[in-house]
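Undergrad: Here it is, the structure in full.
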Amino acid sequence: MTARGAVVHWARDAADANRVIVDVARTHAVDEVVKVKSMVTQEIDLNGALADAGIAAWETDLAELIVQLGDDLPSHILVPAIHRNRAEIREIFLRRMHEVGRPAPTELTDEPVVLAAAAREHLREKFLRARMAVSGANFAVADTGTLVVVESEGNGRMCLTLPEVLVSVVGIEKVVPTFAELDSLLRLLPRSSTGERMNPYTSMWTGVTPGDGPQEVHVVLLDNGRTRALADEVGRQALRCIRCSACLNVCPVYERVGGHAYGSVYPGPIGAILNPLLKGTGDPQTDSLPYASSLCGACFEVCPVRIDIPEVLVHLRTQVVDARRDDSVPKPEAVAMRAAGYAFGNARRLRWAERVSGLAGRALTRFGRSRLPGGRAAAGRLPGPGAAWTGARDLPAPPRESFRAWWRRTKGGRVDE
Amino acid sequence: MRVALMATCVNDAMFPETPKAVLRLLRRLGIDVDFPEAQTCCGQPMVNTGYLDEAVPAVRTYVDAFAGYDAIVTPSGSCAGSARHQHTLVARRSGDPALERAVEQTSPRTYELSEFLVDVVGVADVGAYFPHRVTYHPTCHSLRMLGVGDRPYQLLRAVRGLTLVDLPAASECCGFGGTFAMKNADTSVAMGADKARHVRDTSAEVLVAGDNSCLMHIGGLLSRERSGVRVMHLAEILAQTEDEPAVRI
């Protein structure tokens with residue numbers, strides 16, 4: 001990269017990276033930058049850092065523009081504004097566009113083509129005016145020093161070619177050795193993310209080309225927890241992620257809770273492992289993420305780079321639990337698990353526990369008014385911790401006799417009952 | 001061949017009719033099956049919640065109870081998956097090489113019921129009779145962790161009198177997920193409610209699956225909704241014959 005005229009910076013964390021970018025902006029005395037859609041600049045909250053320095057950052061991806069104007073957060077890796085409908089988008093454009101640039105036309109309807117045209121007019125003004133752009137990179141090719149951005153609208157290419165100065169923030173996991181590896185990845189990515197056989201706009205740039213495109217190019221190689229993730233022998237496979245979002249699209253949990261619930265720019269199954277891997281345990285929100293899964297495995301099934309997300313989820317749950325092993329007051333869950341571990345330690349203890357549950361079952365069978373189809377007695381709504389189950393689900397009453405008690409009594413069903 | 005039944009802790013304590021049905025079924029097929037009384041649990045509840053140390057006693061008990069059997073058969077895709085894919089993890093964590101070696105013996109010999117019938121016994125038609133309209137939910141761990149494929153369908157299609165109807169969005173998780181059902185109860189219920197709706201759409205009398213835990217969750221919702229749909233384990237359907245209809249509906 002250096003040989004091809006780019007300036008390379010190393011950034012240990014978000015603050016490092018943001019400082020480099022703000023410095024470049026200040027050197028060129030710009031008060032605005034245009035941005036290519038990028039997860040990594042969201043990860044480091046570049047827009048916030050630039051705003052603090054008095055520099056406006058304009059998102060140019062249509063969905064990111066909607067999110068930015070709506071003073072909102074992305075809810076999907078690939079489709080950041082998927083939680084918004086077109087009526088809301090119309091309202092956001094009418095309310096906000098005039099405050100930050102070219103106003104939306106007053107006759108704006110909520111037809112997609114009309115909304116897209118309004119965004120196009122609004123953004124064109126910014127593309128033509130901005131002297132500096134910021135991008136991420138989907139891939140970086142080591143042997144040529146080439147960076148690659150994959151997008152659908154062409155707005156990224158405008159940012160990569162029109163301004164004089166370009167800063168590209170690149171996660172250090174994005175590097176592939178040669179163009180040969182890029183080949184398969186560029187086939188996998190569109191197929192897994194949008195179902196397209198080929199990506200619409202693939203831009204590649206290598207340092208500075210005199211007389212063509214940005215004449216000053218900076219590359220910020222970002223760690224921000226990636227070496228921490230790499231040090232985790234099970235978790236490091238998450239660094240293979242190419243941000244295709246296939247796992248989000250099949251995840252039944254993501255489908256129901258939406259992207260905002262993950263509290264991070266990386267939502268869904270990959271976010272549930274990537275965030276704890278990058279940040280480590282200790283924060284309640286991050287610690288909750290490995291549990292935001294039923295471990296159904298749909299994510300692993302569709303992952304084109306074979307990240308065993310369920311395996312990593314369980315591994316990270318273990319880390320969350322281990323980090324709290326020395327708590328002076330253990331969580332009720334930890335107490336319950338210790339008790340279960342003890343009961344399952346030998347069959348005699350388990351038999352005893354089952355006798356207690358059989359007694360509870362007897363009481364329920366006697367007093368419970370609820371019956372499951374087929375006639376079995378059931379608990380309706382229970383108080384206390386039982387409410388988590390019975391708020392919406394009937395619970396079958398435990399049988400009077402466990403299987404092992406029956407086996408003993410009837411010698412495996414060989415004597416009459 | 002020495003065959004052991006792993007009842008699973010959930011079936012043992014909550015659904016004893018299922019391991020009983022496995023016994024009836026296998027004996028009918030001429031297989032003498034033993035229930036080693038020393039068994040307890042596969043350890044999955046602890047492993048999947050992150051309590052690996054707490055799972056060590058269960059795994060130790062498992063390998064001790066089932067040592068020396070040629071096949072361990074269980075009416076649970078989830079517990080078979082745990083034995084096959086998680087026991088090594090727990091054994092490694094225990095730092096006991098003897099336990100690791102013992103796991104190497106028991107893990108690959110553990111079979112989910114439909115795998116055991118189709119692959120080991122080599123039958124799809126077990127001579128069952130169940131004259132009802134039935135739909136099948138392939139539980140996630142059977143489907144993805146074990147890859148049981150169409151084996152349960154092969155078995156069900158061979159049941160006389162049974163009408164098998166496709167379940168819409170069958171491969172989507174029901175939302176049980178072990179402790180997930182309690183820790184994220186609202187999301188779990190939202191997933192299960194959709195599953196229950198798909199079940200009702202089939203107009204089936206019975207929802208069948210290879211895991212009673214998932215059925216307890218979906219069945220609990222179907223019951224609360226007063227749907228009238230009954231849930232049954234695959235083993236209980238396969239165990240019934242014209243001469244011995246164990247359960248009346």
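Chain labels follow the order of the structure tokens: the first chain is A, the next B, and so on; residue numbering restarts at 1 in every chain, and ligands are counted from 1 in their shown order.
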From the DSSP assignment of the backbone, select every residue of stretch 140-247 of chain B that is helix (DSSP H, G or I), and format the answer as number ranges by chain.
TA: B: 140-146, 151-157, 180-183, 185-201, 212-224, 234-238
Undergrad: Compute the set of chain B residues within 6 Å of chain A, using only C-alpha atoms, and express it as a ChimeraX atom specification.
TA: /B:12-14,16,38,40,48,50,54-55,57-58,140,173,177,180,182,185,220-221,223-224,228,230
Undergrad: Applying 8 Å and only C-alpha atoms, which residues near B:Asn212 remain after dropping the ones on its own chain fewer than 4 positions away? List them as number ranges by chain.
TA: B: 10-11, 15, 76, 216, 232-233
Undergrad: Quick one: residues within 10 Å of B:Ser142, only C-alpha atoms, excluding same-chain residues fewer than 3 positions away - as a PyMOL selection string?
TA: (chain A and resi 296) or (chain B and resi 76-81+112+114-115+138-139+145-149+152+209-211)
Undergrad: For the residues in that selection, give me all heavy atoms as a CSV table (one decimal), in the first residue's frame.
TA:
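What landed in selection.csv:
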chain,number,residue,atom,x,y,z
A,296,CYS,N,-30.7,-23.2,17.6
A,296,CYS,CA,-31.4,-24.0,16.6
A,296,CYS,C,-30.4,-24.4,15.5
A,296,CYS,O,-30.7,-25.3,14.7
A,296,CYS,CB,-32.6,-23.4,16.1
A,296,CYS,SG,-32.4,-22.1,14.8
B,76,SER,N,-34.6,-38.9,22.0
B,76,SER,CA,-34.3,-37.5,22.0
B,76,SER,C,-33.2,-37.1,21.0
B,76,SER,O,-32.1,-37.5,21.2
B,76,SER,CB,-34.0,-37.0,23.4
B,76,SER,OG,-33.4,-35.7,23.3
B,77,GLY,N,-33.5,-36.3,20.0
B,77,GLY,CA,-32.5,-35.8,19.1
B,77,GLY,C,-31.5,-34.9,19.8
B,77,GLY,O,-30.3,-34.9,19.5
B,78,SER,N,-32.1,-34.2,20.8
B,78,SER,CA,-31.3,-33.2,21.5
B,78,SER,C,-30.2,-33.8,22.4
B,78,SER,O,-29.0,-33.5,22.4
B,78,SER,CB,-32.2,-32.3,22.3
B,78,SER,OG,-31.6,-31.1,22.6
B,79,CYS,N,-30.7,-34.9,23.1
B,79,CYS,CA,-29.7,-35.5,24.0
B,79,CYS,C,-28.7,-36.4,23.3
B,79,CYS,O,-27.5,-36.4,23.7
B,79,CYS,CB,-30.5,-36.4,25.1
B,79,CYS,SG,-31.7,-35.4,26.0
B,80,ALA,N,-29.2,-37.0,22.2
B,80,ALA,CA,-28.2,-37.7,21.3
B,80,ALA,C,-27.2,-36.8,20.8
B,80,ALA,O,-26.0,-37.1,20.8
B,80,ALA,CB,-28.9,-38.4,20.2
B,81,GLY,N,-27.6,-35.6,20.4
B,81,GLY,CA,-26.7,-34.6,19.9
B,81,GLY,C,-25.7,-34.1,20.9
B,81,GLY,O,-24.5,-33.9,20.7
B,112,GLU,N,-30.1,-41.5,18.1
B,112,GLU,CA,-31.5,-41.1,18.3
B,112,GLU,C,-32.4,-42.2,17.8
B,112,GLU,O,-32.0,-43.0,16.9
B,112,GLU,CB,-31.6,-39.8,17.5
B,112,GLU,CG,-33.0,-39.1,17.6
B,112,GLU,CD,-33.9,-39.6,16.5
B,112,GLU,OE1,-33.5,-40.1,15.5
B,112,GLU,OE2,-35.2,-39.4,16.7
B,114,SER,N,-34.9,-42.7,15.6
B,114,SER,CA,-35.1,-42.9,14.2
B,114,SER,C,-33.9,-43.4,13.5
B,114,SER,O,-33.9,-44.2,12.6
B,114,SER,CB,-35.7,-41.7,13.5
B,114,SER,OG,-34.8,-40.7,13.4
B,115,GLU,N,-32.7,-42.8,13.9
B,115,GLU,CA,-31.4,-43.3,13.4
B,115,GLU,C,-31.2,-44.7,13.7
B,115,GLU,O,-30.8,-45.5,12.9
B,115,GLU,CB,-30.3,-42.5,14.1
B,115,GLU,CG,-30.1,-41.1,13.7
B,115,GLU,CD,-28.9,-40.5,14.5
B,115,GLU,OE1,-28.7,-40.8,15.6
B,115,GLU,OE2,-28.2,-39.7,13.9
B,138,PRO,N,-39.8,-31.5,12.8
B,138,PRO,CA,-38.4,-31.9,12.9
B,138,PRO,C,-37.7,-31.0,13.9
B,138,PRO,O,-37.4,-29.9,13.6
B,138,PRO,CB,-37.8,-31.8,11.5
B,138,PRO,CG,-38.7,-30.8,10.8
B,138,PRO,CD,-40.0,-30.6,11.6
B,139,THR,N,-37.3,-31.5,15.1
B,139,THR,CA,-36.7,-30.6,16.0
B,139,THR,C,-35.3,-30.2,15.6
B,139,THR,O,-34.6,-31.0,14.8
B,139,THR,CB,-36.6,-31.3,17.4
B,139,THR,OG1,-35.8,-32.5,17.3
B,139,THR,CG2,-38.0,-31.7,17.9
B,145,MET,N,-28.1,-30.8,14.1
B,145,MET,CA,-27.0,-31.3,14.9
B,145,MET,C,-26.7,-32.8,14.5
B,145,MET,O,-25.6,-33.2,14.3
B,145,MET,CB,-27.2,-31.2,16.4
B,145,MET,CG,-25.9,-31.1,17.2
B,145,MET,SD,-26.3,-31.3,19.0
B,145,MET,CE,-26.2,-29.6,19.5
B,146,LEU,N,-27.8,-33.6,14.4
B,146,LEU,CA,-27.6,-35.0,14.0
B,146,LEU,C,-27.8,-35.3,12.6
B,146,LEU,O,-27.2,-36.2,12.0
B,146,LEU,CB,-28.6,-35.8,14.8
B,146,LEU,CG,-28.5,-35.9,16.3
B,146,LEU,CD1,-29.6,-36.7,16.9
B,146,LEU,CD2,-27.2,-36.5,16.7
B,147,GLY,N,-28.6,-34.5,11.9
B,147,GLY,CA,-28.9,-34.7,10.5
B,147,GLY,C,-29.6,-36.0,10.3
B,147,GLY,O,-29.2,-36.9,9.5
B,148,VAL,N,-30.7,-36.2,11.0
B,148,VAL,CA,-31.5,-37.4,10.9
B,148,VAL,C,-32.3,-37.5,9.5
B,148,VAL,O,-32.7,-38.6,9.1
B,148,VAL,CB,-32.5,-37.7,12.0
B,148,VAL,CG1,-31.8,-37.7,13.4
B,148,VAL,CG2,-33.6,-36.6,12.0
B,149,GLY,N,-32.3,-36.4,8.9
B,149,GLY,CA,-32.9,-36.3,7.5
B,149,GLY,C,-34.3,-36.8,7.5
B,149,GLY,O,-35.1,-36.4,8.3
B,152,PRO,N,-37.4,-40.0,10.2
B,152,PRO,CA,-38.7,-40.0,10.9
B,152,PRO,C,-39.8,-40.1,9.9
B,152,PRO,O,-40.9,-40.8,10.2
B,152,PRO,CB,-38.7,-38.7,11.7
B,152,PRO,CG,-37.2,-38.3,11.8
B,152,PRO,CD,-36.6,-38.8,10.5
B,209,ALA,N,-43.2,-35.4,17.2
B,209,ALA,CA,-41.8,-35.0,17.1
B,209,ALA,C,-40.9,-36.0,17.8
B,209,ALA,O,-41.4,-36.9,18.5
B,209,ALA,CB,-41.6,-33.6,17.7
B,210,GLY,N,-39.6,-35.9,17.7
B,210,GLY,CA,-38.7,-36.8,18.3
B,210,GLY,C,-38.1,-36.3,19.6
B,210,GLY,O,-37.1,-36.8,20.1
B,211,ASP,N,-38.7,-35.2,20.2
B,211,ASP,CA,-38.2,-34.6,21.4
B,211,ASP,C,-39.3,-34.1,22.2
B,211,ASP,O,-40.0,-33.2,21.8
B,211,ASP,CB,-37.2,-33.4,21.1
B,211,ASP,CG,-35.8,-33.8,21.1
B,211,ASP,OD1,-35.3,-34.0,22.2
B,211,ASP,OD2,-35.2,-33.9,20.0
Undergrad: What's the 6 Å shell around B:Tyr62, counting only C-alpha atoms, without same-chain residues fewer than 3 positions away, as a list in words?
TA: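 The neighbour list is Gln39, Val59 and Ala65 of chain B.
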Undergrad: If you keep N, CA, C and O atoms, can you produce a file of those selected residues as a PDB file, in the first residue's frame?
TA:
ATOM      1  N   GLN B  39     -27.919 -44.501  35.036  1.00  0.00           N
ATOM      2  CA  GLN B  39     -27.940 -43.308  34.171  1.00  0.00           C
ATOM      3  C   GLN B  39     -28.715 -42.153  34.811  1.00  0.00           C
ATOM      4  O   GLN B  39     -29.627 -42.375  35.611  1.00  0.00           O
ATOM      5  N   VAL B  59     -21.805 -36.254  32.760  1.00  0.00           N
ATOM      6  CA  VAL B  59     -21.092 -36.949  31.682  1.00  0.00           C
ATOM      7  C   VAL B  59     -20.354 -38.167  32.234  1.00  0.00           C
ATOM      8  O   VAL B  59     -20.336 -39.240  31.624  1.00  0.00           O
ATOM      9  N   ALA B  65     -22.435 -45.499  33.105  1.00  0.00           N
ATOM     10  CA  ALA B  65     -23.672 -46.272  32.982  1.00  0.00           C
ATOM     11  C   ALA B  65     -23.730 -47.039  31.661  1.00  0.00           C
ATOM     12  O   ALA B  65     -24.271 -48.139  31.610  1.00  0.00           O
TER      13      ALA B  65
END
Undergrad: Contacts of A:Thr209 at 9 Å or less, counting only C-alpha atoms, minus same-chain residues fewer than 4 places along, as JSON, numbers by chain?
TA: {"A": [4, 5, 205, 213, 214, 215]}
Undergrad: What are the DSSP strand (DSSP E) residues of stretch 234-393 of chain A, as a list of chain:residue names?
TA: A:Ser370, A:Arg371, A:Ala377, A:Ala378, A:Ala379
Undergrad: Write the residues you've just listed into a file as a short mmCIF file (atom, residue, chain, number, x, y, z; two decimals), in the first residue's frame, and include all heavy atoms for each of them.
TA:
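File selection_1.cif, as written:
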data_model
loop_
_atom_site.label_atom_id
_atom_site.label_comp_id
_atom_site.auth_asym_id
_atom_site.auth_seq_id
_atom_site.Cartn_x
_atom_site.Cartn_y
_atom_site.Cartn_z
N SER A 370 -56.73 -27.72 34.94
CA SER A 370 -56.38 -27.69 33.53
C SER A 370 -56.04 -29.09 33.03
O SER A 370 -55.43 -29.88 33.74
CB SER A 370 -55.20 -26.75 33.35
OG SER A 370 -55.10 -26.36 32.03
N ARG A 371 -56.45 -29.41 31.82
CA ARG A 371 -56.14 -30.71 31.20
C ARG A 371 -55.55 -30.48 29.83
O ARG A 371 -56.08 -29.68 29.05
CB ARG A 371 -57.41 -31.55 31.03
CG ARG A 371 -58.09 -31.92 32.30
CD ARG A 371 -57.67 -33.29 32.79
NE ARG A 371 -57.98 -33.41 34.21
CZ ARG A 371 -57.32 -34.16 35.07
NH1 ARG A 371 -56.29 -34.86 34.66
NH2 ARG A 371 -57.65 -34.21 36.32
N ALA A 377 -53.20 -34.04 33.32
CA ALA A 377 -53.36 -32.84 34.14
C ALA A 377 -52.24 -31.85 33.84
O ALA A 377 -51.13 -32.24 33.48
CB ALA A 377 -53.33 -33.22 35.61
N ALA A 378 -52.55 -30.57 33.98
CA ALA A 378 -51.55 -29.55 33.67
C ALA A 378 -51.68 -28.40 34.63
O ALA A 378 -52.74 -28.17 35.20
CB ALA A 378 -51.73 -29.06 32.25
N ALA A 379 -50.56 -27.71 34.81
CA ALA A 379 -50.59 -26.48 35.60
C ALA A 379 -50.99 -25.35 34.68
O ALA A 379 -50.49 -25.25 33.56
CB ALA A 379 -49.22 -26.23 36.19
#
Undergrad: Mind giving me the straight-line distance from atom CA of B:Pro168 to atom CA of B:His198 in Å, one decimal?
TA: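 Value for the atom CA of B:Pro168-atom CA of B:His198 distance: 5.7 Å.
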Undergrad: Would you mind reading off the distance between atom CA of B:Ala204 and atom CA of B:Val229, one decimal, in Å?
TA: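 Interatomic distance here is 7.1 Å.
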